[in-house]
Every structure is written in C-alpha cells, then in structure tokens.
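The file my_file-v3.cif comes next; it holds mmCIF, C-alpha atoms.
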data_work
#
loop_
_atom_site.label_atom_id
_atom_site.label_comp_id
_atom_site.auth_asym_id
_atom_site.auth_seq_id
_atom_site.Cartn_x
_atom_site.Cartn_y
_atom_site.Cartn_z
CA MET M 1 -5.83 -14.86 18.17
CA GLU M 2 -2.86 -13.18 19.87
CA PHE M 3 -5.23 -11.19 22.09
CA GLY M 4 -7.59 -14.05 22.87
CA HIS M 5 -10.29 -13.10 20.35
CA ARG M 6 -11.78 -15.55 17.86
CA ASN M 7 -13.95 -15.12 14.79
CA VAL M 8 -13.00 -11.47 14.34
CA ARG M 9 -14.06 -9.88 11.06
CA SER M 10 -12.37 -7.11 9.08
CA VAL M 11 -14.40 -3.91 8.81
CA HIS M 12 -12.45 -2.40 5.91
CA ARG M 13 -9.33 -2.97 3.83
CA LEU M 14 -6.12 -1.14 2.98
CA ASP M 15 -4.11 -1.17 -0.23
CA ARG M 16 -1.38 -3.80 -0.18
CA LEU M 17 1.45 -1.28 0.31
CA THR M 18 -0.42 0.97 2.78
CA SER M 19 0.36 0.67 6.48
CA GLY M 20 -1.59 1.75 9.52
CA LEU M 21 -4.97 1.27 11.14
CA MET M 22 -7.03 -1.85 10.48
CA ILE M 23 -10.32 -2.32 12.33
CA PHE M 24 -11.77 -5.72 13.19
CA GLY M 25 -15.19 -6.36 14.69
CA LYS M 26 -15.62 -8.89 17.50
CA THR M 27 -19.28 -9.43 16.64
CA LEU M 28 -21.06 -9.74 13.29
CA SER M 29 -23.55 -6.97 14.10
CA HIS M 30 -20.87 -4.41 14.98
CA THR M 31 -18.81 -5.37 11.94
CA GLN M 32 -21.77 -4.91 9.60
CA ASP M 33 -22.76 -1.59 11.19
CA MET M 34 -19.25 -0.12 10.92
CA ALA M 35 -18.78 -1.41 7.36
CA GLU M 36 -22.12 0.14 6.40
CA GLN M 37 -21.02 3.50 7.81
CA ILE M 38 -17.88 3.35 5.67
CA ARG M 39 -19.87 2.45 2.54
CA ASP M 40 -22.31 5.31 3.19
CA LYS M 41 -19.44 7.81 3.60
CA ARG M 42 -20.34 8.48 7.24
CA VAL M 43 -16.81 7.77 8.43
CA GLU M 44 -14.01 10.32 8.64
CA LYS M 45 -10.80 8.72 7.38
CA GLU M 46 -7.38 10.30 7.72
CA TYR M 47 -4.05 9.24 6.24
CA VAL M 48 -0.57 10.70 6.28
CA CYS M 49 1.97 10.43 3.46
CA ARG M 50 5.41 11.68 2.43
CA VAL M 51 5.87 13.38 -0.93
CA ALA M 52 8.88 14.95 -2.63
CA GLY M 53 9.09 18.73 -2.83
CA GLU M 54 7.20 21.55 -1.16
CA PHE M 55 3.49 20.79 -1.06
CA PRO M 56 1.26 23.91 -1.02
CA LYS M 57 0.85 25.27 2.49
CA GLU M 58 -2.84 26.11 2.06
CA PRO M 59 -5.30 23.19 2.31
CA LEU M 60 -6.64 22.04 -1.03
CA VAL M 61 -9.32 19.72 -2.37
CA CYS M 62 -8.95 17.48 -5.43
CA LEU M 63 -12.19 16.55 -7.21
CA GLU M 64 -10.75 14.85 -10.28
CA PRO M 65 -12.68 11.73 -11.41
CA ILE M 66 -10.75 8.46 -11.41
CA ASP M 67 -11.05 5.58 -13.86
CA ILE M 68 -9.40 2.15 -13.95
CA LEU M 69 -6.70 2.04 -16.61
CA SER M 70 -5.92 -1.68 -16.34
CA HIS M 71 -7.83 -4.31 -14.36
CA LYS M 72 -5.03 -6.80 -14.97
CA VAL M 73 -2.40 -4.88 -13.03
CA GLY M 74 -4.78 -2.75 -10.93
CA ILE M 75 -3.79 0.76 -11.99
CA CYS M 76 -5.95 3.88 -12.23
CA HIS M 77 -5.73 7.36 -13.70
CA VAL M 78 -7.59 10.66 -13.77
CA SER M 79 -10.15 10.63 -16.56
CA GLU M 80 -13.37 12.44 -17.47
CA ARG M 81 -14.93 8.99 -17.89
CA GLY M 82 -14.09 8.06 -14.31
CA LYS M 83 -16.14 8.08 -11.14
CA ALA M 84 -16.54 11.17 -8.97
CA CYS M 85 -13.87 11.50 -6.27
CA GLU M 86 -13.04 13.91 -3.49
CA THR M 87 -9.84 14.11 -1.42
CA HIS M 88 -8.81 16.83 1.03
CA PHE M 89 -5.10 17.53 1.55
CA GLU M 90 -3.29 19.56 4.21
CA ARG M 91 0.45 19.95 4.60
CA ALA M 92 1.73 19.05 8.05
CA ALA M 93 5.45 19.73 7.60
CA PHE M 94 8.19 20.50 5.09
CA ASN M 95 11.90 20.03 5.78
CA GLY M 96 13.34 21.48 2.60
CA GLN M 97 13.23 18.20 0.71
CA TYR M 98 10.06 16.30 1.61
CA SER M 99 6.55 17.27 2.67
CA ILE M 100 4.38 15.40 5.13
CA VAL M 101 0.77 15.64 3.97
CA LYS M 102 -2.45 14.70 5.74
CA CYS M 103 -5.05 13.19 3.40
CA ARG M 104 -8.78 12.86 4.00
CA PRO M 105 -10.58 10.88 1.26
CA VAL M 106 -14.33 11.50 1.21
CA THR M 107 -15.00 8.89 -1.46
CA GLY M 108 -13.30 5.51 -1.53
CA ARG M 109 -12.07 4.78 -5.06
CA MET M 110 -9.19 2.42 -5.69
CA HIS M 111 -5.81 4.15 -5.16
CA GLN M 112 -7.66 7.46 -4.76
CA ILE M 113 -5.11 9.26 -2.59
CA ARG M 114 -2.20 8.05 -4.70
CA VAL M 115 -3.80 9.04 -8.02
CA HIS M 116 -4.86 12.48 -6.79
CA LEU M 117 -1.36 13.18 -5.45
CA GLN M 118 0.07 12.12 -8.80
CA PHE M 119 -2.32 14.49 -10.57
CA LEU M 120 -1.25 17.35 -8.27
CA GLY M 121 2.39 16.68 -9.12
CA PHE M 122 3.32 15.32 -5.68
CA PRO M 123 3.31 11.52 -5.92
CA ILE M 124 4.26 9.54 -2.81
CA VAL M 125 8.06 9.30 -2.74
CA ASN M 126 8.28 5.49 -2.95
CA ASP M 127 5.07 4.71 -4.82
CA PRO M 128 6.09 2.06 -7.39
CA LEU M 129 3.05 2.68 -9.58
CA TYR M 130 2.33 6.40 -9.59
CA ASN M 131 5.83 7.81 -9.12
CA SER M 132 7.48 6.07 -12.05
CA ALA M 133 8.80 8.00 -15.04
CA GLU M 134 9.40 4.66 -16.76
CA VAL M 135 5.66 3.95 -16.67
CA TRP M 136 4.12 7.42 -17.09
CA GLY M 137 6.89 9.33 -18.84
CA PRO M 138 8.95 12.32 -17.61
CA ASN M 139 5.84 14.23 -16.50
CA LYS M 140 4.74 11.29 -14.28
CA GLY M 141 1.09 12.06 -15.00
CA LYS M 142 1.05 15.51 -13.43
CA GLY M 143 -2.11 17.40 -14.35
CA GLY M 144 -3.46 14.33 -16.12
CA VAL M 145 -0.94 14.86 -18.93
CA TYR M 146 0.57 11.59 -20.12
CA ASP M 147 3.62 11.36 -22.34
CA LYS M 148 2.52 8.16 -24.05
CA PRO M 149 -0.73 6.40 -25.06
CA LEU M 150 -2.74 4.91 -22.19
CA GLN M 151 -2.37 1.38 -23.57
CA GLN M 152 1.41 1.81 -23.61
CA ILE M 153 1.30 2.97 -19.98
CA ALA M 154 -0.64 -0.16 -19.03
CA ASP M 155 1.74 -2.41 -21.00
CA ASP M 156 4.82 -0.83 -19.42
CA CYS M 157 3.34 -1.20 -15.95
CA ILE M 158 2.59 -4.88 -16.56
CA ARG M 159 6.13 -5.42 -17.89
CA LEU M 160 7.79 -3.73 -14.91
CA HIS M 161 5.66 -5.47 -12.29
CA ASN M 162 5.60 -8.91 -13.87
CA VAL M 163 6.26 -11.82 -11.52
CA GLU M 164 8.91 -13.09 -13.92
CA ASN M 165 11.11 -10.16 -12.87
CA TYR M 166 11.52 -11.98 -9.55
CA MET M 167 12.45 -15.30 -11.11
CA MET M 168 15.87 -16.68 -10.15
CA ASP M 169 18.17 -18.17 -12.74
CA ASP M 170 19.93 -21.53 -12.24
CA VAL M 171 23.06 -19.95 -10.75
CA GLU M 172 21.08 -17.96 -8.20
CA GLN M 173 19.00 -21.00 -7.25
CA ALA M 174 22.10 -23.04 -6.58
CA ALA M 175 24.12 -20.40 -4.74
CA VAL M 176 21.77 -17.98 -2.96
CA PRO M 177 19.21 -19.06 -0.35
CA SER M 178 16.12 -16.90 -0.20
CA GLN M 179 15.75 -14.24 2.49
CA GLN M 180 12.98 -16.31 4.03
CA GLN M 181 15.22 -19.39 4.23
CA GLN M 182 18.03 -17.37 5.82
CA ARG M 183 15.63 -15.83 8.31
CA LEU M 184 14.16 -19.19 9.28
CA SER M 185 17.59 -20.76 9.69
CA GLU M 186 18.70 -17.95 12.00
CA GLU M 187 15.60 -17.91 14.20
CA PRO M 188 15.87 -19.89 17.46
CA VAL M 189 13.51 -22.83 17.62
CA ASP M 190 11.35 -22.96 20.71
CA LYS M 191 11.29 -26.72 21.34
CA LYS M 192 8.49 -26.38 23.85
CA LEU M 193 6.22 -24.79 21.26
CA ARG M 194 7.31 -26.86 18.27
CA SER M 195 8.10 -30.26 19.74
CA ASP M 196 4.80 -31.65 18.50
CA ARG M 197 5.28 -30.36 14.97
CA PRO M 198 6.96 -32.49 12.29
CA SER M 199 10.27 -31.14 11.05
CA PHE M 200 10.79 -30.32 7.39
CA ASP M 201 12.44 -33.10 5.39
CA PRO M 202 13.84 -31.79 2.06
CA SER M 203 14.00 -35.33 0.68
CA LYS M 204 10.20 -35.47 0.72
CA TRP M 205 9.83 -32.32 -1.35
CA VAL M 206 7.80 -33.22 -4.45
CA LYS M 207 7.46 -30.98 -7.46
CA HIS M 208 4.33 -31.14 -9.55
CA PRO M 209 5.55 -30.78 -13.18
CA PRO M 210 2.48 -28.92 -14.54
CA CYS M 211 2.72 -26.34 -11.73
CA TYR M 212 4.44 -23.17 -12.91
CA ASP M 213 5.48 -22.12 -9.40
CA CYS M 214 6.93 -25.57 -8.65
CA ARG M 215 9.24 -25.38 -11.66
CA HIS M 216 10.78 -22.05 -10.66
CA ARG M 217 12.26 -20.25 -7.70
CA PHE M 218 11.55 -16.61 -7.03
CA ARG M 219 13.44 -13.92 -5.15
CA ASP M 220 11.85 -12.61 -1.99
CA PRO M 221 11.00 -8.90 -2.31
CA VAL M 222 13.13 -6.60 -0.19
CA PRO M 223 11.38 -4.78 2.70
CA ASP M 224 11.27 -1.48 0.79
CA GLN M 225 9.10 -3.15 -1.85
CA LEU M 226 6.49 -4.24 0.68
CA VAL M 227 5.40 -0.86 2.02
CA MET M 228 5.27 2.77 0.93
CA ASP M 229 5.00 6.06 2.81
CA LEU M 230 1.20 6.11 3.07
CA HIS M 231 -0.26 5.41 6.50
CA ALA M 232 -3.87 5.23 7.74
CA PHE M 233 -3.92 6.82 11.20
CA HIS M 234 -7.51 7.80 12.08
CA TYR M 235 -11.01 6.42 11.44
CA LYS M 236 -14.00 8.02 13.15
CA GLY M 237 -17.59 6.87 12.79
CA GLU M 238 -20.89 7.13 14.63
CA GLY M 239 -20.16 6.03 18.18
CA TRP M 240 -16.56 4.96 17.61
CA ASP M 241 -13.20 6.59 17.08
CA TYR M 242 -9.87 4.79 16.52
CA SER M 243 -6.40 6.12 15.81
CA VAL M 244 -2.78 4.97 15.73
CA LYS M 245 0.45 6.94 15.97
CA TRP M 246 2.24 8.32 12.95
CA PRO M 247 5.09 6.24 11.51
CA ASP M 248 8.74 7.11 12.05
CA TRP M 249 9.19 8.51 8.55
CA ALA M 250 6.53 11.15 9.29
CA GLU M 251 8.33 12.29 12.45
CA SER M 252 12.08 11.74 12.06
CA GLY M 253 13.69 14.59 10.18
CA PHE M 254 10.74 16.89 10.90
CA ILE M 255 11.01 17.23 14.68
CA GLY M 256 12.13 20.76 15.50
CA ASP M 257 11.82 21.74 11.85
CA THR M 258 11.33 25.48 11.49
CA ASN M 259 9.02 24.83 8.53
CA LYS M 260 6.75 22.48 10.48
CA ASP M 261 3.22 23.74 10.05
CA LYS M 262 1.03 24.46 13.04
#
What is this file in structure tokens?
Amino acid sequence: MEFGHRNVRSVHRLDRLTSGLMIFGKTLSHTQDMAEQIRDKRVEKEYVCRVAGEFPKEPLVCLEPIDILSHKVGICHVSERGKACETHFERAAFNGQYSIVKCRPVTGRMHQIRVHLQFLGFPIVNDPLYNSAEVWGPNKGKGGVYDKPLQQIADDCIRLHNVENYMMDDVEQAAVPSQQQQRLSEEPVDKKLRSDRPSFDPSKWVKHPPCYDCRHRFRDPVPDQLVMDLHAFHYKGEGWDYSVKWPDWAESGFIGDTNKDK
C-alpha cells in the first residue's frame, strides 16, 4: 500500500523473531511460481546470525534430523525420529566474543537454523527458546544431549513463555500506562490525515465479562523480546534474485576486526 501496490501476496514466511527479506508477488502467477520454487528446494536462501564464542573457521554442514517437541509452544529438537534436514554454515567474522555466521538452509524445517546451531553448541545469542539453560539445562542441548526429560523441557518452555507472565497486577494497571499508550500519547497527531476519524472516548469502553483478555491488562513486550540476531538477507531463484543489507549487529564491532574472515 505504501508503494502504490494492491493485492500483493506473500511468497514465503519468516519466523516471528527473524528479521530481513520478505518477498511479495504483485501477480498471482508470479507468487505461485516463486512459492513453488521454494517448496521444491530450487531457491538459494541465505541468513546471517550472531552466536556466542568462536565458531569453527572451516565451513561445515549439519545434517541432523529435526522433530517437533511440542506443538503447543512450537519448539523443536534434534531427534532420530525427525525429518531429514540440511544446513550449511560459514563463519564470516569473530571479534573475540561473538561470531557472525552465514547460514544456508537447504531444507525448510521449522526453526531449522536455530536448532542446528543449538546442536552445534553455538545457539543464537538472544534466542529465547534455544539458548536457555532454564529450559534445556546447563548443556543447552549441545550435541543433542538434554539434561532433563523431553516432557519436562516442553513443560518448562510453556511455563516460561506463558502469556500470564505478561499479566499486570492491580497496582501496575493503576499506575503504569503501557508502552503503546505512552507512544501514542507522545506522537503528534496529523489533523489533516485524521480529521475524519472519530477520536477515542474512554467512557465508551465496554468490557465483555466472559472475555479473558478484557478482564486483564498485559505488559507490552520490550523491543529486545520482539527480534533476535537472525536475519534473512538473500533469496535467489530461477529468474529472480533479491537481497537486503546486513543488520547493524552484524557489522558494528566487526569492522576493521583483524579476525574478520575473507
């Protein structure tokens, strides 16, 4: 809409916390053709991520099968019962603390890059699911070794990522406006654009008693909880090639680094 296009259709999807390239088709035929290429593994996909520690300098390939551990929370793990997977990794830079790693998934399993990095012992630095000792135990799932039963891992993940953890108590509701409310109150109102829109009248706010969300207020997540250091930067198919620049976290702190790989 911002660029004057209507009825655009998404060609693929990204995980909720993943940033980067999203491709939209302007026509149904092109959208279907590009989506088919992705399904048939005829598209070269490249991501970049930031992991803690010194990732191996030599390129490596992870072929570990991945299975879904819990459909309820959407978490996966390496398992012999899982589906075949293939991810290629290549270190781009290391600054003594973090490594920047290029990732090329050949298959397209859920959370594939994140799970394979966890298995290799280099989970993404701010991955709330696969870089949590509280969920996976001290080993964090490295090598497919888990320090607790799989059901306990799923239960702990559900407990830590439950929506009730964001629920505000009565004191917070009375004293602290949400981040969204503060942001809206601080934004200038363009009267020319909004003069025809009705203003919000708090007195007309009606709560529906049976509605769980209406009975409670929830904290807004902080920005760091909305994105992690995994970025899609290049998709290349038959007759098309799209890329975006790397994010700041992949460049700042690594520019001029003597350990930056060629």
| request: Apply the PyMOL selection byres ((chain M and resi 229-232) around 8) to the structure shown and report the selected residues as JSON, numbers by chain. | output: {"M": [17, 18, 19, 20, 21, 45, 46, 47, 48, 49, 50, 124, 125, 126, 127, 227, 228, 233, 234, 246, 247, 249]}
Task: Proximity to Arg114 in chain M - best of M:Ser99, M:Gln151, M:Asn131, M:Asn7, all atoms listed in the file - done: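 Closest to Arg114 in chain M of all the choices is M:Asn131.
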(Q) the PyMOL selection byres ((chain M and resi 57) around 9) - which residues does that actually catch in the file I just gave you? List them as a list in words. (A) Glu54, Phe55, Pro56, Glu58, Pro59, Leu60, Glu90, Arg91, Ala92, Ala93 and Asp261 of chain M
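Between Asn95 in chain M and the candidates M:Ile68, M:Val51, M:Met22, M:Leu226, the tightest atom-to-atom separation, counting all atoms listed in the file, involves M:Val51.
Pairwise distance (CA of Val244 in chain M, CA of Gln225 in chain M) equals 22.7 Å.
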Can you rebuild range 117-139 of chain M with N, CA, C and O atoms and give it as a compact mmCIF listing (two decimals), in the frame of the given file?
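Dumped to result17.txt:
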# COMPACT_ATOMS: atom_id res chain seq x y z
N LEU M 117 -2.67 12.58 -5.69
CA LEU M 117 -1.36 13.18 -5.45
C LEU M 117 -0.53 13.20 -6.72
O LEU M 117 0.19 14.17 -6.99
N GLN M 118 -0.63 12.14 -7.51
CA GLN M 118 0.07 12.12 -8.80
C GLN M 118 -0.42 13.26 -9.69
O GLN M 118 0.37 13.97 -10.31
N PHE M 119 -1.73 13.43 -9.75
CA PHE M 119 -2.32 14.49 -10.57
C PHE M 119 -1.83 15.87 -10.13
O PHE M 119 -1.56 16.75 -10.96
N LEU M 120 -1.70 16.06 -8.81
CA LEU M 120 -1.25 17.35 -8.27
C LEU M 120 0.24 17.58 -8.47
O LEU M 120 0.74 18.68 -8.22
N GLY M 121 0.96 16.54 -8.91
CA GLY M 121 2.39 16.68 -9.12
C GLY M 121 3.22 16.37 -7.89
O GLY M 121 4.41 16.69 -7.84
N PHE M 122 2.61 15.70 -6.90
CA PHE M 122 3.32 15.32 -5.68
C PHE M 122 3.06 13.85 -5.35
O PHE M 122 2.45 13.53 -4.34
N PRO M 123 3.52 12.94 -6.21
CA PRO M 123 3.31 11.52 -5.92
C PRO M 123 4.07 11.10 -4.66
O PRO M 123 5.08 11.71 -4.30
N ILE M 124 3.59 10.07 -4.00
CA ILE M 124 4.26 9.54 -2.81
C ILE M 124 5.67 9.11 -3.21
O ILE M 124 5.88 8.49 -4.26
N VAL M 125 6.64 9.43 -2.36
CA VAL M 125 8.06 9.30 -2.74
C VAL M 125 8.43 7.89 -3.22
O VAL M 125 9.19 7.75 -4.18
N ASN M 126 7.90 6.86 -2.57
CA ASN M 126 8.28 5.49 -2.95
C ASN M 126 7.10 4.69 -3.49
O ASN M 126 7.02 3.49 -3.29
N ASP M 127 6.20 5.38 -4.19
CA ASP M 127 5.07 4.71 -4.82
C ASP M 127 5.55 4.06 -6.12
O ASP M 127 5.92 4.76 -7.07
N PRO M 128 5.55 2.72 -6.20
CA PRO M 128 6.09 2.06 -7.39
C PRO M 128 5.22 2.21 -8.62
O PRO M 128 5.71 2.03 -9.75
N LEU M 129 3.95 2.55 -8.45
CA LEU M 129 3.05 2.68 -9.58
C LEU M 129 2.93 4.11 -10.09
O LEU M 129 3.04 4.37 -11.28
N TYR M 130 2.69 5.04 -9.18
CA TYR M 130 2.33 6.40 -9.59
C TYR M 130 3.47 7.40 -9.46
O TYR M 130 3.27 8.59 -9.67
N ASN M 131 4.67 6.94 -9.15
CA ASN M 131 5.83 7.81 -9.12
C ASN M 131 6.94 7.21 -9.98
O ASN M 131 8.10 7.17 -9.60
N SER M 132 6.54 6.74 -11.16
CA SER M 132 7.48 6.07 -12.05
C SER M 132 7.51 6.77 -13.41
O SER M 132 6.53 6.73 -14.16
N ALA M 133 8.64 7.38 -13.72
CA ALA M 133 8.80 8.00 -15.04
C ALA M 133 8.85 6.94 -16.13
O ALA M 133 8.48 7.19 -17.28
N GLU M 134 9.31 5.74 -15.77
CA GLU M 134 9.40 4.66 -16.76
C GLU M 134 8.02 4.22 -17.21
O GLU M 134 7.83 3.79 -18.34
N VAL M 135 7.03 4.34 -16.32
CA VAL M 135 5.66 3.95 -16.67
C VAL M 135 4.92 5.12 -17.31
O VAL M 135 4.33 4.98 -18.39
N TRP M 136 4.96 6.30 -16.67
CA TRP M 136 4.12 7.42 -17.09
C TRP M 136 4.82 8.42 -17.99
O TRP M 136 4.17 9.28 -18.58
N GLY M 137 6.15 8.34 -18.09
CA GLY M 137 6.89 9.33 -18.84
C GLY M 137 7.45 10.39 -17.91
O GLY M 137 7.18 10.40 -16.70
N PRO M 138 8.27 11.32 -18.44
CA PRO M 138 8.95 12.32 -17.61
C PRO M 138 8.01 13.16 -16.76
O PRO M 138 8.36 13.59 -15.67
N ASN M 139 6.79 13.40 -17.23
CA ASN M 139 5.84 14.23 -16.50
C ASN M 139 5.19 13.49 -15.33
O ASN M 139 4.60 14.11 -14.45
